[in-house]
$ cat coords_0.csv   # CSV, C-alpha atoms and all ligand atoms
chain,number,residue,atom,x,y,z
A,1,MET,CA,23.2,4.4,20.9
A,2,GLY,CA,20.2,3.3,23.0
A,3,ASP,CA,18.1,0.2,22.1
A,4,ASN,CA,15.4,2.3,20.6
A,5,ALA,CA,17.7,4.3,18.4
A,6,ARG,CA,19.6,1.1,17.2
A,7,LEU,CA,16.3,-0.5,16.3
A,8,THR,CA,15.2,2.5,14.4
A,9,ALA,CA,18.5,2.8,12.5
A,10,ASN,CA,18.3,-0.8,11.3
A,11,SER,CA,14.6,-0.5,10.2
A,12,LEU,CA,13.1,-0.1,6.8
A,13,LEU,CA,10.1,1.6,8.3
A,14,SER,CA,10.1,3.3,11.7
A,15,ALA,CA,8.2,5.9,13.6
A,16,ASN,CA,8.8,7.7,16.8
A,17,GLY,CA,6.7,9.8,19.1
A,18,LEU,CA,3.6,9.5,16.9
A,19,SER,CA,0.5,11.1,18.3
A,20,LYS,CA,-2.9,11.9,16.8
A,21,SER,CA,-6.0,13.2,18.4
A,22,PHE,CA,-9.5,13.6,17.0
A,23,GLY,CA,-11.2,16.2,19.0
A,24,GLY,CA,-10.9,15.0,22.6
A,25,ILE,CA,-10.0,11.4,21.7
A,26,ARG,CA,-6.3,10.6,21.6
A,27,ALA,CA,-6.3,7.8,19.0
A,28,VAL,CA,-2.6,7.3,19.0
A,29,ASN,CA,-0.4,8.4,21.9
A,30,ASP,CA,3.4,8.6,21.5
A,31,ALA,CA,3.6,5.4,19.5
A,32,ALA,CA,6.9,4.0,18.3
A,33,ILE,CA,7.4,1.2,15.8
A,34,ALA,CA,10.4,-0.4,14.0
A,35,VAL,CA,10.0,-2.8,11.1
A,36,PRO,CA,13.3,-4.5,10.1
A,37,GLN,CA,14.0,-5.1,6.5
A,38,GLY,CA,12.8,-8.6,5.3
A,39,SER,CA,10.5,-9.1,8.3
A,40,ILE,CA,6.8,-9.7,8.6
A,41,THR,CA,5.5,-7.5,11.4
A,42,GLY,CA,2.0,-7.6,12.9
A,43,LEU,CA,0.1,-5.2,15.0
A,44,ILE,CA,-2.7,-6.5,17.3
A,45,GLY,CA,-5.0,-4.7,19.7
A,46,PRO,CA,-8.7,-4.5,20.6
A,47,ASN,CA,-11.2,-2.4,18.7
A,48,GLY,CA,-10.6,1.3,19.1
A,49,ALA,CA,-7.0,0.7,20.2
A,50,GLY,CA,-5.7,2.9,17.3
A,51,LYS,CA,-4.4,0.4,14.8
A,52,THR,CA,-6.1,1.9,11.7
A,53,THR,CA,-5.1,5.4,12.8
A,54,LEU,CA,-1.5,4.2,13.2
A,55,PHE,CA,-1.6,2.7,9.7
A,56,ASN,CA,-3.0,5.9,8.3
A,57,LEU,CA,-0.1,7.8,9.9
A,58,LEU,CA,2.5,5.3,8.7
A,59,SER,CA,1.3,5.7,5.1
A,60,ASN,CA,0.9,9.5,5.5
A,61,PHE,CA,-2.8,9.1,4.7
A,62,ILE,CA,-3.3,11.5,7.7
A,63,SER,CA,-0.8,13.8,9.3
A,64,PRO,CA,0.4,13.3,12.9
A,65,ASP,CA,0.0,16.0,15.5
A,66,ARG,CA,3.5,15.0,16.7
A,67,GLY,CA,6.2,12.6,15.7
A,68,GLU,CA,7.6,11.3,12.4
A,69,VAL,CA,7.7,8.3,10.1
A,70,ILE,CA,10.9,7.3,8.4
A,71,PHE,CA,10.9,5.0,5.4
A,72,ASP,CA,14.1,3.8,3.8
A,73,GLY,CA,16.1,6.4,5.7
A,74,ALA,CA,14.0,9.5,4.9
A,75,PRO,CA,10.9,11.1,6.4
A,76,ILE,CA,7.8,10.6,4.4
A,77,GLN,CA,5.9,13.6,5.8
A,78,GLN,CA,6.5,15.8,2.8
A,79,LEU,CA,5.7,13.1,0.2
A,80,GLN,CA,2.3,12.6,-1.5
A,81,SER,CA,0.7,9.2,-1.6
A,82,HIS,CA,1.8,8.3,-5.1
A,83,GLN,CA,5.4,9.3,-4.3
A,84,ILE,CA,5.4,7.1,-1.2
A,85,ALA,CA,4.0,4.2,-3.3
A,86,GLN,CA,6.8,4.8,-5.9
A,87,GLN,CA,9.3,4.4,-3.1
A,88,GLY,CA,7.9,1.0,-2.3
A,89,LEU,CA,5.7,1.7,0.7
A,90,VAL,CA,2.3,0.5,-0.3
A,91,ARG,CA,-0.8,0.3,1.8
A,92,THR,CA,-3.9,-1.8,1.3
A,93,PHE,CA,-7.3,-1.2,3.0
A,94,GLN,CA,-9.2,-3.3,5.5
A,95,VAL,CA,-11.8,-3.9,2.9
A,96,ALA,CA,-10.1,-4.8,-0.4
A,97,ARG,CA,-10.9,-2.5,-3.3
A,98,VAL,CA,-10.9,-4.1,-6.7
A,99,LEU,CA,-12.9,-3.3,-9.9
A,100,SER,CA,-15.3,-6.2,-9.8
A,101,ARG,CA,-16.5,-6.0,-13.4
A,102,LEU,CA,-13.0,-6.2,-14.8
A,103,SER,CA,-11.0,-9.4,-15.0
A,104,VAL,CA,-8.2,-10.1,-12.5
A,105,LEU,CA,-5.7,-9.5,-15.3
A,106,GLU,CA,-7.4,-6.2,-16.3
A,107,ASN,CA,-7.3,-5.0,-12.7
A,108,MET,CA,-3.5,-5.7,-12.7
A,109,LEU,CA,-2.9,-4.0,-16.0
A,110,LEU,CA,-4.5,-0.8,-14.7
A,111,ALA,CA,-1.6,-0.5,-12.2
A,112,ALA,CA,1.0,-0.1,-14.9
A,113,GLN,CA,2.2,3.5,-15.2
A,114,HIS,CA,3.8,5.6,-17.9
A,115,GLN,CA,2.6,3.5,-20.7
A,116,THR,CA,3.0,4.8,-24.3
A,117,GLY,CA,-0.6,4.1,-25.0
A,118,GLU,CA,-1.8,6.5,-22.3
A,119,ARG,CA,-1.3,9.3,-24.9
A,120,PHE,CA,-4.0,9.5,-27.4
A,121,TRP,CA,-1.9,10.0,-30.6
A,122,ASN,CA,0.6,7.3,-29.6
A,123,VAL,CA,-2.1,4.7,-30.2
A,124,TRP,CA,-2.0,5.7,-33.9
A,125,LEU,CA,1.6,6.8,-34.2
A,126,HIS,CA,3.3,4.0,-32.3
A,127,PRO,CA,0.9,1.1,-32.3
A,128,GLN,CA,3.7,-1.4,-32.3
A,129,THR,CA,5.3,0.0,-29.2
A,130,VAL,CA,1.9,0.1,-27.5
A,131,ARG,CA,1.2,-3.5,-28.3
A,132,GLU,CA,4.6,-4.6,-27.3
A,133,GLU,CA,4.4,-2.8,-23.9
A,134,GLU,CA,1.0,-4.3,-23.3
A,135,ARG,CA,2.3,-7.8,-24.1
A,136,ARG,CA,5.1,-7.4,-21.6
A,137,GLN,CA,2.8,-6.1,-18.9
A,138,LYS,CA,0.5,-9.1,-19.4
A,139,GLU,CA,3.5,-11.5,-19.1
A,140,ARG,CA,4.6,-9.8,-16.0
A,141,ALA,CA,1.1,-9.8,-14.5
A,142,ILE,CA,0.7,-13.5,-15.2
A,143,GLU,CA,4.1,-14.2,-13.6
A,144,ILE,CA,3.0,-12.3,-10.4
A,145,LEU,CA,-0.4,-14.1,-10.4
A,146,GLU,CA,1.4,-17.4,-10.6
A,147,THR,CA,3.7,-16.4,-7.7
A,148,VAL,CA,0.7,-15.7,-5.4
A,149,GLY,CA,-1.4,-18.6,-6.6
A,150,LEU,CA,-4.0,-16.6,-8.4
A,151,ALA,CA,-3.1,-17.7,-12.0
A,152,HIS,CA,-6.2,-19.9,-12.3
A,153,MET,CA,-8.3,-16.7,-11.8
A,154,THR,CA,-6.6,-14.6,-14.4
A,155,HIS,CA,-9.6,-14.2,-16.7
A,156,GLN,CA,-12.3,-14.3,-14.1
A,157,TYR,CA,-14.2,-11.2,-12.9
A,158,ALA,CA,-12.4,-9.7,-9.9
A,159,GLY,CA,-15.8,-9.6,-8.3
A,160,SER,CA,-15.9,-13.4,-8.2
A,161,LEU,CA,-12.8,-13.7,-6.0
A,162,SER,CA,-13.0,-14.7,-2.4
A,163,GLY,CA,-12.2,-12.2,0.3
A,164,GLY,CA,-8.7,-13.6,0.7
A,165,GLN,CA,-8.0,-13.6,-3.0
A,166,ARG,CA,-9.3,-10.0,-3.3
A,167,LYS,CA,-6.9,-9.0,-0.6
A,168,LEU,CA,-4.1,-10.6,-2.6
A,169,LEU,CA,-5.1,-8.9,-5.8
A,170,ASP,CA,-5.4,-5.6,-4.0
A,171,SER,CA,-1.8,-5.7,-2.8
A,172,LEU,CA,-0.2,-6.7,-6.1
A,173,VAL,CA,1.9,-4.1,-7.9
A,174,LEU,CA,3.2,-4.5,-11.4
B,201,LIG,N1,-11.7,10.2,11.9
B,201,LIG,C1,-12.0,10.0,13.2
B,201,LIG,N2,-12.7,10.9,13.9
B,201,LIG,C2,-12.9,10.8,15.2
B,201,LIG,N3,-12.5,9.7,16.0
B,201,LIG,C3,-11.8,8.8,15.3
B,201,LIG,C4,-11.5,8.9,13.9
B,201,LIG,N4,-10.8,7.8,13.6
B,201,LIG,C5,-10.6,7.1,14.7
B,201,LIG,N5,-11.2,7.7,15.8
B,201,LIG,C6,-11.2,7.2,17.2
B,201,LIG,O1,-9.9,6.9,17.5
B,201,LIG,C7,-9.8,5.7,18.3
B,201,LIG,C8,-8.9,4.7,17.5
B,201,LIG,O2,-9.6,4.2,16.3
B,201,LIG,P1,-9.0,3.2,15.3
B,201,LIG,O3,-7.6,3.7,14.9
B,201,LIG,O4,-10.0,3.1,14.2
B,201,LIG,O5,-8.8,1.9,16.1
B,201,LIG,P2,-8.7,0.4,15.6
B,201,LIG,O6,-8.4,0.4,14.2
B,201,LIG,O7,-7.6,-0.2,16.5
B,201,LIG,O8,-10.0,-0.3,15.9
B,201,LIG,C9,-11.3,5.2,18.4
B,201,LIG,O9,-11.7,5.7,19.7
B,201,LIG,C10,-12.0,5.9,17.3
B,201,LIG,O10,-13.3,6.1,17.6
B,202,MG,MG,-9.3,-0.6,12.5

$ encode --input "coords_0.csv" --output "C-alpha cells" --more "lines below"
Ligand SMILES: Nc1ncnc2c1ncn2[C@@H]1O[C@H](COP(=O)(O)OP(=O)(O)O)[C@@H](O)[C@H]1O
Ligand SMILES: [Mg+2]
Amino acid sequence: MGDNARLTANSLLSANGLSKSFGGIRAVNDAAIAVPQGSITGLIGPNGAGKTTLFNLLSNFISPDRGEVIFDGAPIQQLQSHQIAQQGLVRTFQVARVLSRLSVLENMLLAAQHQTGERFWNVWLHPQTVREEERRQKERAIEILETVGLAHMTHQYAGSLSGGQRKLLDSLVL
C-alpha cells in the first residue's frame, strides 16, 4: 500500500483526484485530502484558491467532474444532502444561517426530526407523547448548549448572538 492509499484507508473522510471546472476556470484540480478520525483538520489558501469549491464537493453540494469522496468507508456521490447529514457529515456555511427572530433554543428544537407532533392529528390523539418528546428535546438541547458555552443565551433571540456564537449554533445538531 502506498502512503496515499494508507492515509485514505485510515480516514473518516477522504477524496482523491477531485476536479471541478466552471467554464474555463479550473477551480479544483486533482485534489486529494484525508481527514483521520478524531482529528481537527484545516484548509488554508488565498482567495480564489478553490477552498469553497472543495468544501462544496466534499459535502456533495456540487458534483465533481472527476474523482470521488469517501465518508466512513463509502462514496457519497449517490447520496442526497439529508442522507449525508444523517450519516454524520454535516457542513456549515461561511456566513452562519440562523433564524434570528426565534430563540436559540427554538432554533435547536427545529433540528429535531421525526417528532410525533409533526403529524397534525397526533397533537390531539397523543398529546402526552408530543409533550414528553418536546421535554426530552429541550433537555438535550440545553445539555448541548451547556457543552459549547451557549447556555446563557438559551432564551435570547438567535439574532442577538455574536458572529462566533452564531457559527456555533449553526453547527449544533440535536
Ligand atoms: N459557481 C461558480 N461559477 C464560476 N466560477 C466559480 C464558481 N465558484 C467558484 N468559481 C471560481 O473558482 C475559483 C475558486 O473559487 P472558490 O472555491 O470560491 O475559492 P476560495 O473559497 O478558496 O476563495 C475562483 O476563480 C472562482 O472565481
Ligand atoms: Mg471561499

$ residues_around --input "coords_0.csv" --residues "Leu54 in chain A" --least-positions-apart "5" --cutoff "12 Å" --atoms "all atoms listed in the file" --output "PyMOL selection string"
chain A and resi 14-21+26-33+43-45+48-49+59-64+67-69

$ write_last_selection --input "coords_0.csv" --atoms "C-alpha atoms" --output "PDB file, in the coordinates of the input"
ATOM      1  CA  SER A  14      10.100   3.300  11.700  1.00  0.00           C
ATOM      2  CA  ALA A  15       8.200   5.900  13.600  1.00  0.00           C
ATOM      3  CA  ASN A  16       8.800   7.700  16.800  1.00  0.00           C
ATOM      4  CA  GLY A  17       6.700   9.800  19.100  1.00  0.00           C
ATOM      5  CA  LEU A  18       3.600   9.500  16.900  1.00  0.00           C
ATOM      6  CA  SER A  19       0.500  11.100  18.300  1.00  0.00           C
ATOM      7  CA  LYS A  20      -2.900  11.900  16.800  1.00  0.00           C
ATOM      8  CA  SER A  21      -6.000  13.200  18.400  1.00  0.00           C
ATOM      9  CA  ARG A  26      -6.300  10.600  21.600  1.00  0.00           C
ATOM     10  CA  ALA A  27      -6.300   7.800  19.000  1.00  0.00           C
ATOM     11  CA  VAL A  28      -2.600   7.300  19.000  1.00  0.00           C
ATOM     12  CA  ASN A  29      -0.400   8.400  21.900  1.00  0.00           C
ATOM     13  CA  ASP A  30       3.400   8.600  21.500  1.00  0.00           C
ATOM     14  CA  ALA A  31       3.600   5.400  19.500  1.00  0.00           C
ATOM     15  CA  ALA A  32       6.900   4.000  18.300  1.00  0.00           C
ATOM     16  CA  ILE A  33       7.400   1.200  15.800  1.00  0.00           C
ATOM     17  CA  LEU A  43       0.100  -5.200  15.000  1.00  0.00           C
ATOM     18  CA  ILE A  44      -2.700  -6.500  17.300  1.00  0.00           C
ATOM     19  CA  GLY A  45      -5.000  -4.700  19.700  1.00  0.00           C
ATOM     20  CA  GLY A  48     -10.600   1.300  19.100  1.00  0.00           C
ATOM     21  CA  ALA A  49      -7.000   0.700  20.200  1.00  0.00           C
ATOM     22  CA  SER A  59       1.300   5.700   5.100  1.00  0.00           C
ATOM     23  CA  ASN A  60       0.900   9.500   5.500  1.00  0.00           C
ATOM     24  CA  PHE A  61      -2.800   9.100   4.700  1.00  0.00           C
ATOM     25  CA  ILE A  62      -3.300  11.500   7.700  1.00  0.00           C
ATOM     26  CA  SER A  63      -0.800  13.800   9.300  1.00  0.00           C
ATOM     27  CA  PRO A  64       0.400  13.300  12.900  1.00  0.00           C
ATOM     28  CA  GLY A  67       6.200  12.600  15.700  1.00  0.00           C
ATOM     29  CA  GLU A  68       7.600  11.300  12.400  1.00  0.00           C
ATOM     30  CA  VAL A  69       7.700   8.300  10.100  1.00  0.00           C
TER      31      VAL A  69
END

$ closest_atom_pairs --input "coords_0.csv" --of "chain A" --to "ligand MG 202 (chain B)" --cutoff "8 Å" --atoms "all atoms listed in the file" --output "tab-separated table"
residue	atom	partner	partner_atom	distance
A:Asn47	CA	B:MG202	MG	6.7
A:Gly48	CA	B:MG202	MG	7.0
A:Gly50	CA	B:MG202	MG	6.9
A:Lys51	CA	B:MG202	MG	5.5
A:Thr52	CA	B:MG202	MG	4.1
A:Thr53	CA	B:MG202	MG	7.3
A:Gln94	CA	B:MG202	MG	7.5

$ closest_residue --input "coords_0.csv" --among "A:Val90, A:Arg131, A:Phe55, A:Pro36" --to "ligand LIG 201 (chain B)" --atoms "all atoms listed in the file"
A:Phe55

$ atom_distance --input "coords_0.csv" --atom1 "CA of Asn10 in chain A" --atom2 "CA of Gln87 in chain A"
17.8 Å

$ residues_around --input "coords_0.csv" --residues "Leu161 in chain A" --least-positions-apart "6" --cutoff "9 Å" --atoms "all atoms listed in the file" --output "PyMOL selection string"
chain A and resi 100+104+153

$ closest_residue --input "coords_0.csv" --among "A:Ala34, A:Leu172, A:Ile142, A:Leu58" --to "ligand LIG 201 (chain B)" --atoms "only C-alpha atoms and all ligand atoms"
A:Leu58

$ residues_around --input "coords_0.csv" --residues "Gln37 in chain A" --least-positions-apart "2" --cutoff "10 Å" --atoms "all atoms listed in the file" --output "VMD selection string"
chain A and resid 10 to 13 34 to 35 39 to 40 72

$ atom_distance --input "coords_0.csv" --atom1 "CA of Gly88 in chain A" --atom2 "CA of Lys167 in chain A"
17.9 Å

$ atom_distance --input "coords_0.csv" --atom1 "CA of His152 in chain A" --atom2 "CA of Asn107 in chain A"
14.9 Å
